[in-house]
Amino acid sequence: MELYLRGHDYRYAVEQMLLTLFPGQRPGYPEGEPDGSSPSLLLSLEEDDRELTAQAVLWWEGKVHTSRRKADASELTGGLADDRVRQRILRLAFYDAGVAALGHEPPWGALTGVRPVKLPTRRMASGASREEAKEQLIQVYRVSRDRAELAMDCAETALRVRQGLTRDSLSLYLGVPFCPTRCAYCSFISSDVKGSAALIGPYVEALCREIQVAGALLRERGWHISTAYMGGGTPTTLPAEGLDRVLSAMEEHLPMDRCVETTVEAGRPDTITREKLEALKAHRVHRISINPQTMEDSVLRTMGRAHTAAQIEQAMELADRWFGGLVNMDLIAGLPTDTPEGFRRTLERVLAMDPANITVHTLALKKGSRLTEEGGALCAPEEVSAMLELAGGRLRGAGYGPYYLYRQKYMSGSFENVGWAKPGTVCAYNVIMMEELQSVLSLGAGGITKLVDPDTGKIVRLANPKYAREYLEGWDKVAAGKRTAVDIQARSMRKGEKAEKVERNT
């Protein structure tokens, strides 16, 4: 679609709305004026002392659709808040014109981006009631009522988790970029272990070294780890002694005394053994994930998974001895060759295993995945919708509640991923990471540290080398990145402490 922006340059916000409404279109920014001969959008922003006006003129399939949205100038209070006001009315003007052209609305209405829960969380933190925050989603952003309820449940969980966080704490992520095989839908940086087995030993050594460096910096500043998460990849691709080495290094060097939970992605059942689970439990790992994605053997084969549904059940029986059901299981709605009936069978078999958490993902076509590159028949959006509706009703009926959610680009039907938990079993790390409630220090290949300023919401991202071999060869960059992260976090804390001191004195 040809995009013509006047009076602003909020390209990212406009492109996000384009992706939501017209996923098959790609943005272009031609010179001159639109002539209506091809799909085009003219999106303008005008401001005066009284109000801001956004106008969208959309040419689509031979018709012209026009919409305006306004905001009072008093909403402009400076900084990032001003950008939010301008982007809001621009997105909504585009949305209104797009819905008029298409004749239907997506389930998340005019909300774009991966974190729709941030909006009601921010509103309730500012004093709004649950009902007021929910009505804003429905009335202003046109979110469907069932999605608005999902968002509100997750927002309330986010506020509860945030209450338990302190300024001198952050969360920890450790990446292990190895898997038994590469799944068809995967775009992560994980390596097939058959082709990278020689890297595993050196990688464990390097990760332990990074843990030691990070621990010294954190202890020097007096900071503490609140939650820890080992992901990848599939960390249990490591041998039991490798897991023991990494977890021992964490206990020895990192300030873990106030850590409320440690989670490890066991993920693939074909990597789970008694020795590995014993090693995890010996180091006070609180919970693990065993992620079937589907319990249909034919779908597992299509996705490139070298295990069966029976092996998943066997792994869960083994895990129950050490973790007593405190396990998360991931499912994916919309996998190629799956059906609503097959998804129902999967859900029932997973519920019979009684895990504490179940995360229901919607298939997203990720750049770099085999599924995207090779194509193939996908489930229709109507089938995906039926799978998600079944999951929501069945999980609520079984005593699970939604506690975090997020969306992704190129997600089937523009739906969402939702984590469901039994009472008292919420994984705080998932909430912290997805709602960006505090800084997350990332160690290992592909790790991206996110430094969150709790006062402004500003986020600084610092990336480790992406691949295992680059990580091993780039130690100087890794160590320097840890020092930079700690320095930035220290400046943010000092600023916050000064602001609190001023507030107390006044």
# chains A, B, ... in the order shown; residues from 1 in each chain; ligands from 1
>>> residues_around(residues="A:Arg142", least_positions_apart="3", cutoff="6 Å", atoms="only C-alpha atoms", output="PyMOL selection string")
chain A and resi 109+138-139
>>> write_last_selection(atoms="N, CA and C atoms", output="short mmCIF file (atom, residue, chain, number, x, y, z; two decimals), in the first residue's frame")
data_model
loop_
_atom_site.label_atom_id
_atom_site.label_comp_id
_atom_site.auth_asym_id
_atom_site.auth_seq_id
_atom_site.Cartn_x
_atom_site.Cartn_y
_atom_site.Cartn_z
N GLY A 109 -9.35 -5.01 17.73
CA GLY A 109 -9.72 -3.67 17.33
C GLY A 109 -8.54 -2.89 16.80
N ILE A 138 -12.82 -1.15 24.93
CA ILE A 138 -13.97 -1.46 24.08
C ILE A 138 -14.44 -0.24 23.29
N GLN A 139 -14.61 0.89 23.99
CA GLN A 139 -15.22 2.06 23.36
C GLN A 139 -14.22 2.85 22.51
#
>>> residues_around(residues="stretch 461-473 of chain A", least_positions_apart="2", cutoff="8 Å", atoms="only C-alpha atoms", output="PyMOL selection string")
chain A and resi 177+189-190+199+202-203+206+443-451+459+475+477-478+481+485
>>> residues_around(residues="A:Ala54", least_positions_apart="2", cutoff="9 Å", atoms="only C-alpha atoms", output="PDB file with C-alpha atoms, in the first residue's frame")
ATOM      1  CA  LEU A  43      -2.798  10.212   6.699  1.00  0.00           C
ATOM      2  CA  SER A  44      -2.431  13.777   7.945  1.00  0.00           C
ATOM      3  CA  LEU A  45      -2.047  15.441  11.339  1.00  0.00           C
ATOM      4  CA  GLU A  46      -2.923  19.069  12.109  1.00  0.00           C
ATOM      5  CA  GLU A  47      -2.508  20.865  15.445  1.00  0.00           C
ATOM      6  CA  LEU A  52      -5.221  17.903  17.265  1.00  0.00           C
ATOM      7  CA  ALA A  56      -7.273   9.349   6.955  1.00  0.00           C
ATOM      8  CA  SER A  67     -12.231   9.298   8.722  1.00  0.00           C
ATOM      9  CA  ARG A  68     -11.188  11.865  11.330  1.00  0.00           C
ATOM     10  CA  ARG A  69     -10.132  11.562  14.953  1.00  0.00           C
ATOM     11  CA  LYS A  70      -9.457  14.426  17.372  1.00  0.00           C
ATOM     12  CA  ALA A  71      -7.717  15.016  20.710  1.00  0.00           C
ATOM     13  CA  ARG A  86      -0.611  11.792  18.364  1.00  0.00           C
ATOM     14  CA  ILE A  89      -5.529   9.471  16.926  1.00  0.00           C
ATOM     15  CA  LEU A  90      -3.525   8.664  13.777  1.00  0.00           C
ATOM     16  CA  ARG A  91      -3.972   4.930  14.295  1.00  0.00           C
ATOM     17  CA  LEU A  92      -7.666   5.334  15.079  1.00  0.00           C
ATOM     18  CA  ALA A  93      -8.316   7.479  11.998  1.00  0.00           C
ATOM     19  CA  PHE A  94      -6.589   4.856   9.832  1.00  0.00           C
TER      20      PHE A  94
END
>>> atom_distance(atom1="atom CA of A:Ala315", atom2="atom CA of A:Thr273")
7.9 Å
>>> atom_distance(atom1="atom CA of A:Gly201", atom2="atom CA of A:Pro292")
27.3 Å
>>> residues_around(residues="A:Arg394", least_positions_apart="2", cutoff="12 Å", atoms="only C-alpha atoms", output="ChimeraX atom specification")
/A:344-345,347-348,350-351,358,360,387-392,396-401,420
>>> atom_distance(atom1="atom CA of A:Gly233", atom2="atom CA of A:Cys179")
5.3 Å
>>> select_by_dssp(residues="stretch 236-428 of chain A", states="strand (DSSP E or B)", output="PyMOL selection string")
chain A and resi 261-267+287-290+293+327-333+357-362+364+401-406+411+417-421
>>> write_last_selection(atoms="C-alpha atoms", output="JSON list (two decimals), in the first residue's frame")
[["chain", "number", "residue", "atom", "x", "y", "z"],
["A", 261, "GLU", "CA", 11.35, -18.50, 41.25],
["A", 262, "THR", "CA", 13.74, -20.19, 38.84],
["A", 263, "THR", "CA", 12.27, -21.69, 35.66],
["A", 264, "VAL", "CA", 13.96, -23.94, 33.11],
["A", 265, "GLU", "CA", 12.61, -24.73, 29.66],
["A", 266, "ALA", "CA", 12.79, -28.49, 29.41],
["A", 267, "GLY", "CA", 10.67, -28.05, 26.32],
["A", 287, "ARG", "CA", 9.34, -25.12, 37.67],
["A", 288, "ILE", "CA", 9.97, -26.44, 34.19],
["A", 289, "SER", "CA", 8.24, -26.38, 30.82],
["A", 290, "ILE", "CA", 7.41, -29.43, 28.72],
["A", 293, "GLN", "CA", 2.66, -27.94, 20.92],
["A", 327, "VAL", "CA", 5.00, -27.55, 34.91],
["A", 328, "ASN", "CA", 4.01, -25.35, 31.97],
["A", 329, "MET", "CA", 2.89, -26.95, 28.72],
["A", 330, "ASP", "CA", 2.77, -24.98, 25.43],
["A", 331, "LEU", "CA", 0.21, -25.63, 22.70],
["A", 332, "ILE", "CA", -0.06, -23.99, 19.27],
["A", 333, "ALA", "CA", -3.38, -23.34, 17.58],
["A", 357, "ASN", "CA", 0.24, -23.76, 33.55],
["A", 358, "ILE", "CA", -0.87, -24.12, 29.94],
["A", 359, "THR", "CA", 0.16, -21.54, 27.34],
["A", 360, "VAL", "CA", -1.95, -21.47, 24.19],
["A", 361, "HIS", "CA", -0.08, -19.89, 21.27],
["A", 362, "THR", "CA", -1.46, -18.87, 17.90],
["A", 364, "ALA", "CA", 2.84, -16.97, 13.77],
["A", 401, "GLY", "CA", -7.18, -18.25, 34.63],
["A", 402, "PRO", "CA", -5.36, -16.09, 32.04],
["A", 403, "TYR", "CA", -2.33, -14.33, 33.54],
["A", 404, "TYR", "CA", -0.24, -12.97, 30.65],
["A", 405, "LEU", "CA", -0.69, -12.50, 26.93],
["A", 406, "TYR", "CA", 1.08, -11.09, 23.93],
["A", 411, "MET", "CA", -0.08, -14.13, 13.54],
["A", 417, "ASN", "CA", -0.85, -16.03, 22.84],
["A", 418, "VAL", "CA", -2.24, -16.53, 26.34],
["A", 419, "GLY", "CA", -0.68, -18.07, 29.43],
["A", 420, "TRP", "CA", -3.19, -19.83, 31.73],
["A", 421, "ALA", "CA", -2.45, -20.77, 35.34]]
>>> select_by_dssp(residues="stretch 83-298 of chain A", states="alpha helix (DSSP H)", output="VMD selection string")
chain A and resid 83 to 102 118 to 125 130 to 135 145 to 163 193 to 221 240 to 253 274 to 282 297 to 298
>>> closest_residue(among="A:Ala125, A:Leu76, A:Ala240, A:Ile225", to="A:Gln438", atoms="only C-alpha atoms")
A:Ile225
>>> residues_around(residues="A:Leu254", least_positions_apart="5", cutoff="10 Å", atoms="only C-alpha atoms", output="PyMOL selection string")
chain A and resi 172+211-219+223-225+248-249
>>> closest_residue(among="A:Tyr12, A:Leu335, A:Trp59, A:Ser169", to="A:Thr112", atoms="only C-alpha atoms")
A:Tyr12
>>> closest_residue(among="A:Leu318, A:Met353, A:Val99, A:Leu111", to="A:Phe415", atoms="only C-alpha atoms")
A:Leu111
>>> residues_around(residues="A:Met295", least_positions_apart="5", cutoff="8 Å", atoms="only C-alpha atoms", output="ChimeraX atom specification")
/A:300,308-309,345-346,349-350
>>> write_last_selection(atoms="N, CA and C atoms", output="PDB file, in the first residue's frame")
ATOM      1  N   LEU A 300       3.036 -33.575  14.721  1.00  0.00           N
ATOM      2  CA  LEU A 300       4.409 -33.522  15.235  1.00  0.00           C
ATOM      3  C   LEU A 300       5.416 -33.848  14.132  1.00  0.00           C
ATOM      4  N   THR A 308       7.135 -38.466  20.037  1.00  0.00           N
ATOM      5  CA  THR A 308       5.716 -38.790  19.899  1.00  0.00           C
ATOM      6  C   THR A 308       4.935 -38.209  21.075  1.00  0.00           C
ATOM      7  N   ALA A 309       3.612 -38.243  20.942  1.00  0.00           N
ATOM      8  CA  ALA A 309       2.755 -37.804  22.031  1.00  0.00           C
ATOM      9  C   ALA A 309       2.928 -38.696  23.261  1.00  0.00           C
ATOM     10  N   ARG A 345      -8.612 -32.796  20.845  1.00  0.00           N
ATOM     11  CA  ARG A 345      -8.006 -33.999  21.424  1.00  0.00           C
ATOM     12  C   ARG A 345      -6.720 -33.647  22.166  1.00  0.00           C
ATOM     13  N   THR A 346      -5.912 -32.784  21.564  1.00  0.00           N
ATOM     14  CA  THR A 346      -4.679 -32.341  22.225  1.00  0.00           C
ATOM     15  C   THR A 346      -4.986 -31.701  23.563  1.00  0.00           C
ATOM     16  N   ARG A 349      -6.017 -34.228  26.253  1.00  0.00           N
ATOM     17  CA  ARG A 349      -4.907 -35.059  26.744  1.00  0.00           C
ATOM     18  C   ARG A 349      -3.979 -34.247  27.645  1.00  0.00           C
ATOM     19  N   VAL A 350      -3.771 -32.980  27.309  1.00  0.00           N
ATOM     20  CA  VAL A 350      -2.921 -32.137  28.152  1.00  0.00           C
ATOM     21  C   VAL A 350      -3.594 -31.871  29.493  1.00  0.00           C
TER      22      VAL A 350
END
